[in-house]
Amino acid sequence: MDTSPIRLLIHGASGRMGQALLRLAAEQPAVYQTVAAVTRRAPAQRVVDGVPHFAASELAGVPDFDVAIDFSLPEGFDPVLALCTDRGRALVSGTTGISTVQQEALAAASVRIPLVWATNFSLGVAVLADVVERVASALPGWDVDIVESHHVHKKDAPSGTALTLGQAAGSAGAQVHYASLRAGDIVGEHTVQFAGLGERIELTHRATHRDVFARGALHVARVLSGRPPGAYHVRDLLD
Ligand code: NAD
C-alpha cells in the first residue's frame, strides 16, 4: 500500500477557503503535501511556508499533483478542469456560481477523471438535502422557501447550497422560492421552510466556521485519489 502523502494543488489559494485548506493540509504532513498553490494574480512570494506559489497564468507549468482542490471563482474554473483532464488527475471543486456550460464540461470530464463538485462540503448539509427531499415528497402542495445568509463578500446569490437544497425539494415536485441576505461575517446559514395551512416546518443548518468545508474537501480529496473516473457525491465519500 502506498503511504506517501497525497500531492495537492490548491487553486484559489489566497482566498478565505484557500488559506484554510493550506493551513489544515500543513497540519497533516503525513497525509497531504501541497505541491502548488495557485492564485489569480502573480504571488508576491514564490514560496510560502515551503509551498510553491503560482499565478493562474502559469497553471500549465505547475508540478505533478494527485488531486487539485479548487475553491476559486467561476472564471478560474475552466482552466483547472482542463489541467486535471489533460493530466488525468482528480478534481475536488467547491467553486459556486458555475454556469450550465461549465456543469456540462464537468459531466464530460467525469468520463476521464474522478471528480467531486459540490456546493457544500459539510456532512450536515449532505444529510439535510436528503431530509428536505423526504419532507417535500411527504407534503405535496406546501410552500417551500429557502432563506440563506452569508458574509458581505459572497458574490453569487442564491448560494450554491441553497440551489442544491432547492433541487432536492424540486425533485419531489416542489416549486421553491429563494431569499438571500448578505451581512457581516456570516459563514453560511440555510433555512428551508415548508408552509402549509396553519402550520410550518423549518429546517436550519448553520456553519459556524469555514474550516468545516475545508476539512470536508481535504477528506474527499484523500478518498477520491486513486478512485476510477466518475462524478462522485460528498455524501458517498464522507461515510
Ligand atoms: P475568495 O474571494 O476569498 O477567494 C477566491 C480565490 O480565487 C482567490 O485566491 C483568488 O485569487 C482566486 N481566483 C479568482 N479568480 C481566479 C482565476 N481566474 N484563476 C485562479 N484563481 C482565481 O473566496 P472564498 O470565500 O475563498 O470562496 C471561494 C469559492 O468557494 C467561492 O466560489 C465560494 O462560493 C466557494 N465556497 C464553497 C464552499 C463549499 O463548501 N463548496 C464553501 C465556501 C466557499
# chains A, B, ... in the order shown; residues from 1 in each chain; ligands from 1
$ closest_atom_pairs --of "chain A" --to "ligand 1" --cutoff "9 Å" --atoms "only C-alpha atoms and all ligand atoms" --output "tab-separated table"
residue	atom	partner	partner_atom_place_in_ligand_line	distance
A:His11	CA	ligand 1	21 (N)	6.0
A:Gly12	CA	ligand 1	9 (O)	3.4
A:Ala13	CA	ligand 1	9 (O)	4.5
A:Ser14	CA	ligand 1	9 (O)	3.6
A:Gly15	CA	ligand 1	4 (O)	3.1
A:Arg16	CA	ligand 1	26 (O)	3.7
A:Met17	CA	ligand 1	26 (O)	3.7
A:Gly18	CA	ligand 1	26 (O)	5.6
A:Gln19	CA	ligand 1	26 (O)	7.7
A:Ala20	CA	ligand 1	26 (O)	8.5
A:Val38	CA	ligand 1	21 (N)	6.3
A:Thr39	CA	ligand 1	11 (O)	3.9
A:Arg40	CA	ligand 1	11 (O)	3.9
A:Arg41	CA	ligand 1	11 (O)	6.3
A:Ala55	CA	ligand 1	20 (C)	7.4
A:Ala56	CA	ligand 1	20 (C)	4.8
A:Ser57	CA	ligand 1	19 (N)	7.9
A:Leu59	CA	ligand 1	20 (C)	8.7
A:Asp70	CA	ligand 1	30 (O)	7.7
A:Phe71	CA	ligand 1	30 (O)	4.1
A:Ser72	CA	ligand 1	7 (O)	3.4
A:Leu73	CA	ligand 1	32 (O)	4.7
A:Pro74	CA	ligand 1	32 (O)	6.8
A:Glu75	CA	ligand 1	18 (N)	4.7
A:Gly76	CA	ligand 1	18 (N)	3.5
A:Phe77	CA	ligand 1	19 (N)	7.0
A:Asp78	CA	ligand 1	18 (N)	8.8
A:Pro79	CA	ligand 1	19 (N)	7.6
A:Val80	CA	ligand 1	20 (C)	8.0
A:Ser93	CA	ligand 1	41 (N)	7.1
A:Gly94	CA	ligand 1	41 (N)	3.5
A:Thr95	CA	ligand 1	32 (O)	3.7
A:Thr96	CA	ligand 1	32 (O)	4.0
A:Gly97	CA	ligand 1	32 (O)	6.4
A:Ile98	CA	ligand 1	32 (O)	8.3
A:Trp117	CA	ligand 1	41 (N)	7.7
A:Ala118	CA	ligand 1	41 (N)	5.2
A:Thr119	CA	ligand 1	41 (N)	3.8
A:Asn120	CA	ligand 1	40 (O)	3.2
A:Phe121	CA	ligand 1	40 (O)	4.1
A:Ser122	CA	ligand 1	40 (O)	6.5
A:His151	CA	ligand 1	25 (O)	9.0
A:His153	CA	ligand 1	2 (O)	7.2
A:Lys154	CA	ligand 1	34 (O)	6.5
A:Lys155	CA	ligand 1	34 (O)	7.3
A:Asp156	CA	ligand 1	34 (O)	6.9
A:Ser159	CA	ligand 1	34 (O)	7.2
A:Gly160	CA	ligand 1	34 (O)	7.1
A:Thr161	CA	ligand 1	41 (N)	7.6
A:Val187	CA	ligand 1	43 (C)	7.9
A:Gly188	CA	ligand 1	43 (C)	8.1
A:Arg210	CA	ligand 1	43 (C)	6.5
A:Asp211	CA	ligand 1	42 (C)	8.9
A:Val212	CA	ligand 1	40 (O)	8.0
A:Phe213	CA	ligand 1	40 (O)	4.6
A:Ala214	CA	ligand 1	40 (O)	7.3
A:Gly216	CA	ligand 1	40 (O)	7.9
A:Ala217	CA	ligand 1	40 (O)	7.5
$ residues_around --residues "Glu148 of chain A" --least-positions-apart "5" --cutoff "7 Å" --atoms "only C-alpha atoms" --output "short mmCIF file (atom, residue, chain, number, x, y, z; two decimals) with all heavy atoms, in the first residue's frame"
data_model
loop_
_atom_site.label_atom_id
_atom_site.label_comp_id
_atom_site.auth_asym_id
_atom_site.auth_seq_id
_atom_site.Cartn_x
_atom_site.Cartn_y
_atom_site.Cartn_z
N ALA A 162 -28.00 26.74 -1.32
CA ALA A 162 -29.45 26.97 -1.39
C ALA A 162 -30.02 26.30 -2.64
O ALA A 162 -31.08 25.65 -2.60
CB ALA A 162 -29.75 28.46 -1.40
N ALA A 179 -34.56 33.48 -0.87
CA ALA A 179 -34.23 34.82 -0.39
C ALA A 179 -32.80 34.79 0.13
O ALA A 179 -32.39 33.81 0.75
CB ALA A 179 -35.17 35.24 0.74
N SER A 180 -32.02 35.83 -0.21
CA SER A 180 -30.60 35.86 0.17
C SER A 180 -30.30 37.09 1.01
O SER A 180 -30.72 38.20 0.66
CB SER A 180 -29.72 35.91 -1.09
OG SER A 180 -29.96 34.78 -1.89
N LEU A 181 -29.58 36.90 2.10
CA LEU A 181 -29.12 38.01 2.93
C LEU A 181 -27.60 38.02 2.91
O LEU A 181 -26.97 36.96 3.00
CB LEU A 181 -29.59 37.84 4.38
CG LEU A 181 -31.09 37.66 4.62
CD1 LEU A 181 -31.37 37.44 6.09
CD2 LEU A 181 -31.84 38.88 4.10
N GLU A 189 -25.62 30.17 6.50
CA GLU A 189 -26.82 29.66 7.17
C GLU A 189 -27.90 29.42 6.13
O GLU A 189 -28.09 30.25 5.22
CB GLU A 189 -27.33 30.67 8.21
CG GLU A 189 -26.34 30.91 9.33
CD GLU A 189 -26.90 31.77 10.47
OE1 GLU A 189 -28.10 32.14 10.42
OE2 GLU A 189 -26.11 32.07 11.37
N HIS A 190 -28.58 28.29 6.25
CA HIS A 190 -29.65 27.95 5.32
C HIS A 190 -30.86 27.44 6.09
O HIS A 190 -30.72 26.53 6.89
CB HIS A 190 -29.19 26.86 4.34
CG HIS A 190 -28.09 27.33 3.44
ND1 HIS A 190 -26.76 27.33 3.82
CD2 HIS A 190 -28.12 27.86 2.19
CE1 HIS A 190 -26.03 27.83 2.85
NE2 HIS A 190 -26.82 28.17 1.84
N THR A 191 -32.00 28.08 5.84
CA THR A 191 -33.26 27.59 6.41
C THR A 191 -34.20 27.20 5.29
O THR A 191 -34.43 28.01 4.37
CB THR A 191 -33.93 28.67 7.29
OG1 THR A 191 -33.09 28.92 8.42
CG2 THR A 191 -35.30 28.20 7.79
#
$ select_by_dssp --residues "segment 7-217 of chain A" --states "helix (DSSP H, G or I)" --output "short mmCIF file (atom, residue, chain, number, x, y, z; two decimals) with C-alpha atoms, in the first residue's frame"
data_model
loop_
_atom_site.label_atom_id
_atom_site.label_comp_id
_atom_site.auth_asym_id
_atom_site.auth_seq_id
_atom_site.Cartn_x
_atom_site.Cartn_y
_atom_site.Cartn_z
CA ARG A 16 -10.62 32.54 2.54
CA MET A 17 -11.11 28.86 1.67
CA GLY A 18 -7.69 28.51 0.06
CA GLN A 19 -5.97 29.79 3.21
CA ALA A 20 -7.95 27.34 5.39
CA LEU A 21 -7.01 24.48 3.04
CA LEU A 22 -3.30 25.38 3.12
CA ARG A 23 -3.31 25.61 6.92
CA LEU A 24 -5.23 22.37 7.53
CA ALA A 25 -3.22 20.40 4.94
CA ALA A 26 0.03 21.59 6.57
CA ALA A 56 -3.28 31.43 -12.72
CA SER A 57 -1.46 32.31 -15.97
CA GLU A 58 1.28 29.81 -15.00
CA LEU A 59 -1.11 26.90 -14.41
CA ALA A 60 0.23 24.80 -17.29
CA GLY A 61 3.68 24.77 -15.63
CA PRO A 74 -16.31 30.67 -11.98
CA GLU A 75 -13.75 32.41 -14.25
CA GLY A 76 -10.99 30.27 -12.74
CA PHE A 77 -12.88 27.00 -13.07
CA ASP A 78 -12.34 26.10 -16.77
CA PRO A 79 -8.50 26.20 -16.70
CA VAL A 80 -8.23 23.98 -13.61
CA LEU A 81 -10.73 21.49 -15.03
CA ALA A 82 -8.76 21.39 -18.30
CA LEU A 83 -5.48 20.90 -16.40
CA CYS A 84 -6.88 17.93 -14.42
CA THR A 85 -8.38 16.36 -17.54
CA ASP A 86 -5.13 16.80 -19.54
CA ARG A 87 -3.02 15.30 -16.78
CA THR A 100 -24.69 25.38 -17.18
CA VAL A 101 -21.96 25.10 -19.82
CA GLN A 102 -19.38 24.59 -17.07
CA GLN A 103 -21.61 21.96 -15.45
CA GLU A 104 -21.74 20.15 -18.79
CA ALA A 105 -17.94 20.31 -19.13
CA LEU A 106 -17.70 18.80 -15.65
CA ALA A 107 -20.01 15.93 -16.61
CA ALA A 108 -17.95 15.31 -19.76
CA ALA A 109 -14.68 15.31 -17.77
CA LEU A 123 -21.73 16.34 6.07
CA GLY A 124 -24.60 18.17 7.80
CA VAL A 125 -25.76 19.77 4.54
CA ALA A 126 -25.47 16.47 2.65
CA VAL A 127 -27.83 14.90 5.20
CA LEU A 128 -30.10 17.97 5.21
CA ALA A 129 -30.57 17.67 1.42
CA ASP A 130 -31.77 14.12 1.95
CA VAL A 131 -34.21 15.19 4.68
CA VAL A 132 -35.52 18.08 2.55
CA GLU A 133 -36.31 15.72 -0.31
CA ARG A 134 -38.21 13.40 2.02
CA VAL A 135 -40.20 16.20 3.66
CA ALA A 136 -41.06 17.74 0.27
CA SER A 137 -42.35 14.45 -1.09
CA ALA A 138 -44.38 13.81 2.10
CA GLY A 160 -24.89 27.18 -4.35
CA THR A 161 -26.00 25.33 -1.22
CA ALA A 162 -29.45 26.97 -1.39
CA LEU A 163 -29.76 25.81 -5.00
CA THR A 164 -28.69 22.27 -4.05
CA LEU A 165 -31.32 22.18 -1.28
CA GLY A 166 -33.84 23.64 -3.73
CA GLN A 167 -33.07 20.89 -6.24
CA ALA A 168 -33.66 18.32 -3.51
CA ALA A 169 -37.12 19.78 -2.83
CA GLY A 170 -37.73 20.30 -6.56
CA ASP A 211 -12.89 25.03 8.36
CA VAL A 212 -15.81 22.60 8.15
CA PHE A 213 -15.80 22.97 4.34
CA ALA A 214 -12.00 22.83 4.06
CA ARG A 215 -11.84 19.69 6.24
CA GLY A 216 -14.57 18.06 4.15
CA ALA A 217 -12.76 18.93 0.90
#
$ atom_distance --atom1 "atom CA of Pro229 of chain A" --atom2 "atom CA of Leu8 of chain A"
17.9 Å
$ select_by_dssp --residues "segment 102-239 of chain A" --states "strand (DSSP E or B)" --output "PyMOL selection string"
chain A and resi 114-117+143-150+176-182+188-196+199-207+230-231
$ closest_atom_pairs --of "segment 48-95 of chain A" --to "segment 230-234 of chain A" --cutoff "10 Å" --atoms "only C-alpha atoms" --output "tab-separated table"
residue	atom	partner	partner_atom	distance
A:Ala90	CA	A:Gly230	CA	9.7
A:Leu91	CA	A:Ala231	CA	9.8
A:Val92	CA	A:Tyr232	CA	9.6
$ closest_residue --among "A:Ala42, A:Ala157, A:Leu197, A:Val48" --to "Arg182 of chain A" --atoms "only C-alpha atoms"
A:Ala157
$ atom_distance --atom1 "atom CA of Ala36 of chain A" --atom2 "atom CA of Ser99 of chain A"
26.2 Å
$ closest_residue --among "A:Gly141, A:Pro158, A:Gly226, A:Pro29" --to "Gly196 of chain A" --atoms "only C-alpha atoms"
A:Gly141
$ closest_residue --among "A:Ala172, A:Ile201, A:Val144, A:Leu218" --to "Thr34 of chain A" --atoms "only C-alpha atoms"
A:Leu218
$ residues_around --residues "Val47 of chain A" --least-positions-apart "5" --cutoff "10 Å" --atoms "only C-alpha atoms" --output "PyMOL selection string"
chain A and resi 36-37+52-54
$ write_last_selection --atoms "C-alpha atoms" --output "PDB file, in the first residue's frame"
ATOM      1  CA  ALA A  36       1.356  24.050  -5.764  1.00  0.00           C
ATOM      2  CA  ALA A  37      -0.771  26.966  -4.576  1.00  0.00           C
ATOM      3  CA  PRO A  52       5.481  26.897  -4.220  1.00  0.00           C
ATOM      4  CA  HIS A  53       3.031  29.592  -5.383  1.00  0.00           C
ATOM      5  CA  PHE A  54       1.935  30.239  -8.983  1.00  0.00           C
TER       6      PHE A  54
END
$ closest_residue --among "A:Ile113, A:Ala174, A:Val31, A:Val51" --to "Asp2 of chain A" --atoms "only C-alpha atoms"
A:Val31
